[in-house]
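Contents: one structure, followed by commentary.
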Amino acid sequence: MKPAVLRPQALRDQQGEVRYYRNEAGTRVAVKLAKATNAALDQVELEPGVGSPTLGKHLGIPGLRTWRVARFPLLWCYFERGNHLDVVRLLGERQDIAAISGDEFASN
C-alpha cells in the first residue's frame with residue numbers, strides 16, 4: 001500500500017467539488033461525492049498501477065496516471081512514487097485538461 005499525498009491544488013480541487021455539489025445538489029450529494037473521492041483514492045493506494053496512463057501519454061507527461069471517481073465525472077491525477085502517491089489534481093472529465101495541466105503536472 002502506498003499512501004496518497006495530495007498536493008495543495010488537489011486538496012483545493014476536492015474541496016471545491018464538494019462545495020459545488022453542495023450548492024447545486026444539496027448536502028446529501030456532496031457527502032456522497034466526498035465519500036466517492038476518498039474511496040477512489042483508497043483503491044489507488046491499494047493498487048497504484050490501476051490508474052490509466054493514457055492522459056499522461058497524450059499530454060507527454062511520463063508517469064501521470066488517472067483514476068475515475070465512481071458515479072461522478074471526476075478524475076484523480078497522480079504519479080506513483082517510491083513510497084507514496086503524488087496526487088496532483090482532481091479534475092472534471094469535461095475540463096480541457098491539456099489547457100490547464102501546466103506546472104501543476106510537473107513530476108517534482
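Ordered as shown in the C-alpha cells, chains take letters A, B, and onward, while each chain numbers its residues from 1 and ligands are numbered from 1 in the order shown.
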Next on the checklist: So that I can check the secondary structure, give me every residue of region 16-93 of chain A assigned strand (DSSP E) by backbone DSSP, as a ChimeraX atom specification.
Outcome noted: /A:64-68,74-80,85-92
Next on the checklist: I'd like the contact shell of Leu55 (chain A) - 10 Å cut-off, only C-alpha atoms, skipping same-chain residues fewer than 2 positions apart - returned as a ChimeraX atom specification.
Outcome noted: /A:52-53,57-66,77,97-98
Please, could you write that set of residues out with N, CA, C and O atoms as an mmCIF file, in the first residue's frame?
data_model
loop_
_atom_site.group_PDB
_atom_site.id
_atom_site.type_symbol
_atom_site.label_atom_id
_atom_site.label_comp_id
_atom_site.auth_asym_id
_atom_site.auth_seq_id
_atom_site.Cartn_x
_atom_site.Cartn_y
_atom_site.Cartn_z
ATOM 1 N N SER A 52 -5.073 4.746 -15.257
ATOM 2 C CA SER A 52 -4.762 4.769 -16.687
ATOM 3 C C SER A 52 -3.616 5.723 -17.002
ATOM 4 O O SER A 52 -3.613 6.874 -16.552
ATOM 5 N N PRO A 53 -2.649 5.281 -17.830
ATOM 6 C CA PRO A 53 -1.566 6.162 -18.258
ATOM 7 C C PRO A 53 -1.903 6.940 -19.532
ATOM 8 O O PRO A 53 -1.085 7.720 -20.020
ATOM 9 N N LYS A 57 0.278 9.978 -21.408
ATOM 10 C CA LYS A 57 0.906 9.769 -22.717
ATOM 11 C C LYS A 57 0.440 10.835 -23.707
ATOM 12 O O LYS A 57 1.234 11.376 -24.464
ATOM 13 N N HIS A 58 -0.864 11.128 -23.677
ATOM 14 C CA HIS A 58 -1.436 12.130 -24.585
ATOM 15 C C HIS A 58 -0.830 13.516 -24.353
ATOM 16 O O HIS A 58 -0.577 14.259 -25.304
ATOM 17 N N LEU A 59 -0.592 13.841 -23.088
ATOM 18 C CA LEU A 59 -0.043 15.151 -22.743
ATOM 19 C C LEU A 59 1.489 15.175 -22.765
ATOM 20 O O LEU A 59 2.093 16.226 -22.579
ATOM 21 N N GLY A 60 2.105 14.016 -22.949
ATOM 22 C CA GLY A 60 3.563 13.948 -22.925
ATOM 23 C C GLY A 60 4.133 14.103 -21.529
ATOM 24 O O GLY A 60 5.206 14.674 -21.343
ATOM 25 N N ILE A 61 3.408 13.594 -20.529
ATOM 26 C CA ILE A 61 3.844 13.684 -19.138
ATOM 27 C C ILE A 61 4.084 12.262 -18.637
ATOM 28 O O ILE A 61 3.145 11.569 -18.230
ATOM 29 N N PRO A 62 5.326 11.813 -18.696
ATOM 30 C CA PRO A 62 5.631 10.442 -18.290
ATOM 31 C C PRO A 62 5.229 10.163 -16.842
ATOM 32 O O PRO A 62 5.477 10.978 -15.951
ATOM 33 N N GLY A 63 4.603 9.028 -16.636
ATOM 34 C CA GLY A 63 4.247 8.592 -15.291
ATOM 35 C C GLY A 63 2.916 9.098 -14.775
ATOM 36 O O GLY A 63 2.447 8.631 -13.736
ATOM 37 N N LEU A 64 2.288 10.057 -15.457
ATOM 38 C CA LEU A 64 0.994 10.566 -14.998
ATOM 39 C C LEU A 64 -0.073 9.507 -15.227
ATOM 40 O O LEU A 64 -0.192 8.946 -16.314
ATOM 41 N N ARG A 65 -0.854 9.231 -14.188
ATOM 42 C CA ARG A 65 -1.959 8.281 -14.276
ATOM 43 C C ARG A 65 -3.241 8.961 -13.794
ATOM 44 O O ARG A 65 -3.188 9.937 -13.052
ATOM 45 N N THR A 66 -4.367 8.419 -14.238
ATOM 46 C CA THR A 66 -5.658 8.943 -13.794
ATOM 47 C C THR A 66 -6.529 7.797 -13.316
ATOM 48 O O THR A 66 -6.411 6.667 -13.778
ATOM 49 N N CYS A 77 -5.652 12.669 -10.687
ATOM 50 C CA CYS A 77 -4.425 12.634 -11.486
ATOM 51 C C CYS A 77 -3.264 12.492 -10.513
ATOM 52 O O CYS A 77 -3.147 13.279 -9.569
ATOM 53 N N ILE A 97 -8.231 19.507 -19.927
ATOM 54 C CA ILE A 97 -7.103 19.172 -19.069
ATOM 55 C C ILE A 97 -5.784 19.608 -19.700
ATOM 56 O O ILE A 97 -4.888 20.089 -19.012
ATOM 57 N N ALA A 98 -5.669 19.481 -21.000
ATOM 58 C CA ALA A 98 -4.431 19.886 -21.682
ATOM 59 C C ALA A 98 -4.161 21.379 -21.477
ATOM 60 O O ALA A 98 -3.015 21.795 -21.299
#
Check chain A with DSSP on the backbone and list each residue it calls helix (DSSP H, G or I), as a PDB file with C-alpha atoms, in the first residue's frame.
ATOM      1  CA  PRO A   8      -2.350  21.661  -2.151  1.00  0.00           C
ATOM      2  CA  GLN A   9      -4.108  22.122  -5.517  1.00  0.00           C
ATOM      3  CA  ALA A  10      -5.541  18.596  -5.402  1.00  0.00           C
ATOM      4  CA  LEU A  11      -6.955  19.300  -1.947  1.00  0.00           C
ATOM      5  CA  ARG A  12      -8.427  22.597  -3.172  1.00  0.00           C
ATOM      6  CA  ASP A  13      -9.927  20.756  -6.151  1.00  0.00           C
ATOM      7  CA  GLN A  14     -11.600  18.218  -3.866  1.00  0.00           C
ATOM      8  CA  GLN A  15     -12.915  20.883  -1.506  1.00  0.00           C
ATOM      9  CA  GLY A  16     -14.175  22.950  -4.438  1.00  0.00           C
ATOM     10  CA  GLU A  17     -16.032  19.995  -5.937  1.00  0.00           C
ATOM     11  CA  VAL A  18     -17.694  19.210  -2.601  1.00  0.00           C
ATOM     12  CA  ARG A  19     -18.728  22.863  -2.263  1.00  0.00           C
ATOM     13  CA  TYR A  20     -20.059  22.931  -5.828  1.00  0.00           C
ATOM     14  CA  TYR A  21     -22.139  19.786  -5.372  1.00  0.00           C
ATOM     15  CA  ARG A  22     -23.452  21.017  -2.015  1.00  0.00           C
ATOM     16  CA  ASN A  23     -24.579  24.290  -3.598  1.00  0.00           C
ATOM     17  CA  GLU A  24     -26.027  22.690  -6.737  1.00  0.00           C
ATOM     18  CA  ALA A  25     -27.407  19.379  -5.467  1.00  0.00           C
ATOM     19  CA  THR A  27     -25.648  18.221   1.293  1.00  0.00           C
ATOM     20  CA  ARG A  28     -26.524  14.546   0.719  1.00  0.00           C
ATOM     21  CA  VAL A  29     -24.980  14.551  -2.753  1.00  0.00           C
ATOM     22  CA  ALA A  30     -21.933  16.477  -1.506  1.00  0.00           C
ATOM     23  CA  VAL A  31     -21.378  13.850   1.198  1.00  0.00           C
ATOM     24  CA  LYS A  32     -21.672  11.096  -1.428  1.00  0.00           C
ATOM     25  CA  LEU A  33     -19.094  12.915  -3.543  1.00  0.00           C
ATOM     26  CA  ALA A  34     -16.688  13.264  -0.615  1.00  0.00           C
ATOM     27  CA  LYS A  35     -17.018   9.558   0.146  1.00  0.00           C
ATOM     28  CA  ALA A  36     -16.597   8.623  -3.526  1.00  0.00           C
ATOM     29  CA  THR A  37     -13.437  10.714  -3.962  1.00  0.00           C
ATOM     30  CA  ASN A  38     -11.934   9.174  -0.830  1.00  0.00           C
ATOM     31  CA  ALA A  39     -12.939   5.654  -1.908  1.00  0.00           C
ATOM     32  CA  ALA A  40     -11.272   6.209  -5.284  1.00  0.00           C
ATOM     33  CA  LEU A  41      -8.055   7.222  -3.544  1.00  0.00           C
ATOM     34  CA  ASP A  42      -8.328   4.181  -1.275  1.00  0.00           C
ATOM     35  CA  GLN A  43      -8.475   1.954  -4.353  1.00  0.00           C
ATOM     36  CA  VAL A  44      -5.420   3.562  -5.921  1.00  0.00           C
ATOM     37  CA  GLU A  45      -3.487   3.325  -2.656  1.00  0.00           C
ATOM     38  CA  LEU A  46      -4.012  -0.447  -2.707  1.00  0.00           C
ATOM     39  CA  PRO A  48      -1.243   2.199  -7.680  1.00  0.00           C
ATOM     40  CA  GLY A  49      -0.818   0.778 -11.173  1.00  0.00           C
ATOM     41  CA  VAL A  50      -4.568   0.513 -11.694  1.00  0.00           C
ATOM     42  CA  THR A  54      -3.457   7.335 -21.372  1.00  0.00           C
ATOM     43  CA  LEU A  55      -3.821  11.014 -20.410  1.00  0.00           C
ATOM     44  CA  GLY A  56      -0.176  11.208 -19.375  1.00  0.00           C
ATOM     45  CA  LYS A  57       0.906   9.769 -22.717  1.00  0.00           C
ATOM     46  CA  HIS A  58      -1.436  12.130 -24.585  1.00  0.00           C
ATOM     47  CA  LEU A  59      -0.043  15.151 -22.743  1.00  0.00           C
ATOM     48  CA  ILE A  97      -7.103  19.172 -19.069  1.00  0.00           C
ATOM     49  CA  ALA A  98      -4.431  19.886 -21.682  1.00  0.00           C
ATOM     50  CA  ALA A  99      -5.046  23.627 -21.323  1.00  0.00           C
ATOM     51  CA  ILE A 100      -4.736  23.614 -17.527  1.00  0.00           C
ATOM     52  CA  GLY A 102       0.958  23.352 -16.967  1.00  0.00           C
ATOM     53  CA  ASP A 103       3.291  23.352 -13.982  1.00  0.00           C
ATOM     54  CA  GLU A 104       0.760  21.578 -11.765  1.00  0.00           C
ATOM     55  CA  PHE A 105       1.630  18.325 -13.511  1.00  0.00           C
TER      56      PHE A 105
END
Item to check | Which of A:Trp76, A:Asp86, A:Val69, A:Gly26 sits closest to Leu6 (chain A) [using only C-alpha atoms] | outcome: A:Asp86
Checklist entry - In terms of the shortest atom-to-atom distance over only C-alpha atoms, which of A:Ala4, A:Gly92, A:Val87, A:Glu47 is closest to Leu74 (chain A)? => result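 Between A:Ala4, A:Gly92, A:Val87, A:Glu47, the residue approaching Leu74 (chain A) most closely is A:Gly92.
Here CA of Leu90 (chain A) and CA of Lys2 (chain A) stand 18.2 Å from one another.
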